[in-house]
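Structure, as structure tokens:
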Amino acid sequence: MKLTIIIIGAEILLGQVTDTNSGEIARALGPKGWEVIEVITVDDNADAIRTAVERALRQSDLVITTGGLGPTKDDITKKTLAELFGMEMIYDNRVLENIEEVFSKRGLELNPLTKDQAWVPNGCRIIQNQLGTAPIMWFERDGKVLISMPGVPFETVGMLEREVVKDICEHFNSDKEFLHHTLLVSRITESALAERLTAFEENLPENVHLAYLPVPGYIRLRLDGTFKKGDELGKREYGVLCTSLCQLVGENLLYDGEATPAEILLSKLRDRHLTLATAESCTGGNIAHTVTEIAGASEVYMGSVISYSNDVKHRVLGVRLADLEQHGAVSEPVVRQMAEGAARVISTDCAVATSGIAGPGGGTPDKPVGTVWIAARCNDRLESRLLHLPGSRHRIIDRATTEALLLLLSIL
């Protein structure tokens with residue numbers, strides 16, 4: 001089953017806003033058997049929208065658009081789709097009631113422009129947007145479906161999860177089942193892993209595919225299988241393949257399943273009744289942010305010292321002035337003392353620490369931008385590692401965050 005995604009908005013084309021909706025839609029529908037064959041980005045222009053939609057409907061069973069559904073004059077998606085599908089605009093009181101409910105929950109006053117969101121094409125099916133004011137519209141033509149969704153990522157993702165994906169699966173009742181098994185693999189390069197798995201891949205049946213999905217610090221290895229409903233023998237054979245793959249990965253297996261390093265770490269700490277603190281310099285609180293994004297983090301995560309200055313490293317974490325002067329803040333002795341200091345000051349079993357040069361300035365010939373020392377401590381065990389990370393400041397911070405979490409995981 002083929003899917004085309006159309007992202008509508010001048011702000012996307014101008015680079016003022018980054019498109020995240022297409023990735024979220026693909027991740028939501030890919031496991032259900034949908035193949036994204038194209039992502040099209042167009043301006044808030046009727047001709048551009050019309051051309052993109054007509055092209056998408058020719059090549060795909062399903063088209064999802066996002067954006068251009070706001071209350072301002074430049075949001076013309078709704079009117080353009082109505083004309084394209086030969087429909088008239090009508091005022092829908094059910095949509096108005098939903099808008100009033102959304103505004104009431106947020107304690108906001110409803111204005112005339114927002115009330116106009118209740119104008120919708122008379123021949124489409126409305127899916128009430130429980131997270132915003134722009135209604136989701138479902139159009140059908142010649143067995144094809146177009147779903148128009150809001151451009152706000154929070155609303156798009158939320159309504160995909162709540163209702164839209166379910167409605168798509170019910171409408172396109174396929175006779176196939178799709179199985180996916182993910183392994184997280186670390187401490188090996190993608191090429192080395194592929195070389196190890198050459199024979200395994202060559203002997204896979206046609207309906208099973210192995211995908212390498214590298215992210216900074218580790219590799220997501222996903223085994224996808226497509227089966228006819230009721231093919232229990234095929235699914236059992238698929239299960240055997242999953243087991244074999246896990247055995248081949250061996251000691252490089254970080255996690256059997258789909259999770260982030262932070263989620264894995266919190267789970268292991270919780271199971272072992274251990275607590276965690278962080279001491280961050282170059283990552284500036286990003287580790288703390290990554291950990292506390294996860295519900296239930298408070299069970300094990302106690303707090304952080306963001307020791308950006310040498311003074312804080314010394315006064316709060318107890319890093320020796322002599323080591324700061326002799327080795328510099330970006331050094332092994334300093335980062336190890338930071339981890340020890342965080343565990344001591346916050347009274348935890350475990351701690352991770354980072355100190356580095358995220359750039360774009362501040363590098364030296366001996367310590368260029370991207371030089372990062374990380375350390376992890378758990379009870380009496382303390383390990384440290386030197387990283388040389390490429391890329392932008394943002395990428396270096398994110399990669400250092402992941403590597404620090406992985407280092408503590410390796411100790412556990």
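Scheme for the structure tokens: letters A, B, ... for chains in order shown; per-chain residue numbers from 1; ligand numbers from 1 in order shown.
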- Please provide as number ranges by chain all residues within 12 Å of A:Gly143, with the sequence filter that same-chain residues fewer than 4 positions apart are discarded (counting only C-alpha atoms). A: 57-58, 60-63, 139, 171-172
Output N, CA and C atoms of each residue in that selection to a file, as a PDB file, in the first residue's frame.
ATOM      1  N   LEU A  57      -2.567  11.567  -5.690  1.00  0.00           N
ATOM      2  CA  LEU A  57      -3.694  10.644  -5.850  1.00  0.00           C
ATOM      3  C   LEU A  57      -3.495   9.690  -7.026  1.00  0.00           C
ATOM      4  N   ARG A  58      -2.734  10.124  -8.021  1.00  0.00           N
ATOM      5  CA  ARG A  58      -2.455   9.225  -9.145  1.00  0.00           C
ATOM      6  C   ARG A  58      -1.531   8.084  -8.738  1.00  0.00           C
ATOM      7  N   SER A  60      -0.734   7.040  -5.348  1.00  0.00           N
ATOM      8  CA  SER A  60      -0.849   6.446  -4.020  1.00  0.00           C
ATOM      9  C   SER A  60      -2.284   6.079  -3.686  1.00  0.00           C
ATOM     10  N   ASP A  61      -2.413   5.113  -2.790  1.00  0.00           N
ATOM     11  CA  ASP A  61      -3.728   4.733  -2.270  1.00  0.00           C
ATOM     12  C   ASP A  61      -4.187   5.708  -1.195  1.00  0.00           C
ATOM     13  N   LEU A  62      -3.215   6.261  -0.483  1.00  0.00           N
ATOM     14  CA  LEU A  62      -3.511   7.162   0.623  1.00  0.00           C
ATOM     15  C   LEU A  62      -2.627   8.396   0.509  1.00  0.00           C
ATOM     16  N   VAL A  63      -3.225   9.560   0.733  1.00  0.00           N
ATOM     17  CA  VAL A  63      -2.502  10.826   0.750  1.00  0.00           C
ATOM     18  C   VAL A  63      -2.820  11.516   2.072  1.00  0.00           C
ATOM     19  N   PHE A 139     -11.290  12.737   2.782  1.00  0.00           N
ATOM     20  CA  PHE A 139     -11.887  12.779   1.448  1.00  0.00           C
ATOM     21  C   PHE A 139     -11.672  11.436   0.761  1.00  0.00           C
ATOM     22  N   HIS A 171     -10.322   1.137   7.365  1.00  0.00           N
ATOM     23  CA  HIS A 171     -10.798   1.400   5.993  1.00  0.00           C
ATOM     24  C   HIS A 171     -10.074   0.525   4.976  1.00  0.00           C
ATOM     25  N   PHE A 172      -8.757   0.437   5.094  1.00  0.00           N
ATOM     26  CA  PHE A 172      -7.972  -0.387   4.175  1.00  0.00           C
ATOM     27  C   PHE A 172      -7.732  -1.744   4.842  1.00  0.00           C
TER      28      PHE A 172
END
- Message: Could you pull out the strand (DSSP E) residues of stretch 341-405 of chain A, going by DSSP on the backbone, and write them as a list in words?
- Response: Cys350, Ala351, Val352, Ala353, Thr354, Ser355, Gly356, Thr371, Val372, Trp373, Ile374, Ala375, Ala376, Arg377, Cys378, Arg381, Leu382, Glu383, Ser384, Arg385, Leu386, Leu387 and His388 of chain A
- Extract the full set of alpha helix (DSSP H) residues from stretch 69-206 of chain A according to DSSP on the backbone, and format it as a PyMOL selection string. chain A and resi 77-84+93-106+112-115+153-159+165-171+190-196+198-202
- Task: Kindly indicate which residue among A:Tyr238, A:Tyr212, A:Tyr255, A:Phe154 lies nearest to A:Glu24, using only C-alpha atoms for the distances.
- Result: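 Result for the nearest residue to A:Glu24: A:Phe154.
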- Query: So which one's closest to A:Glu258, A:Arg236, A:Leu146, A:Leu184, A:Val157? Using only C-alpha atoms, please.
  - Reply: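 Smallest separation from A:Glu258 among the options: A:Leu184.
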- Task: Can you work out the spacing between atom CA of A:Asp323 and atom CA of A:Val352 in Å, to one decimal?
- Result: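 Separation of atom CA of A:Asp323 and atom CA of A:Val352: 19.0 Å.
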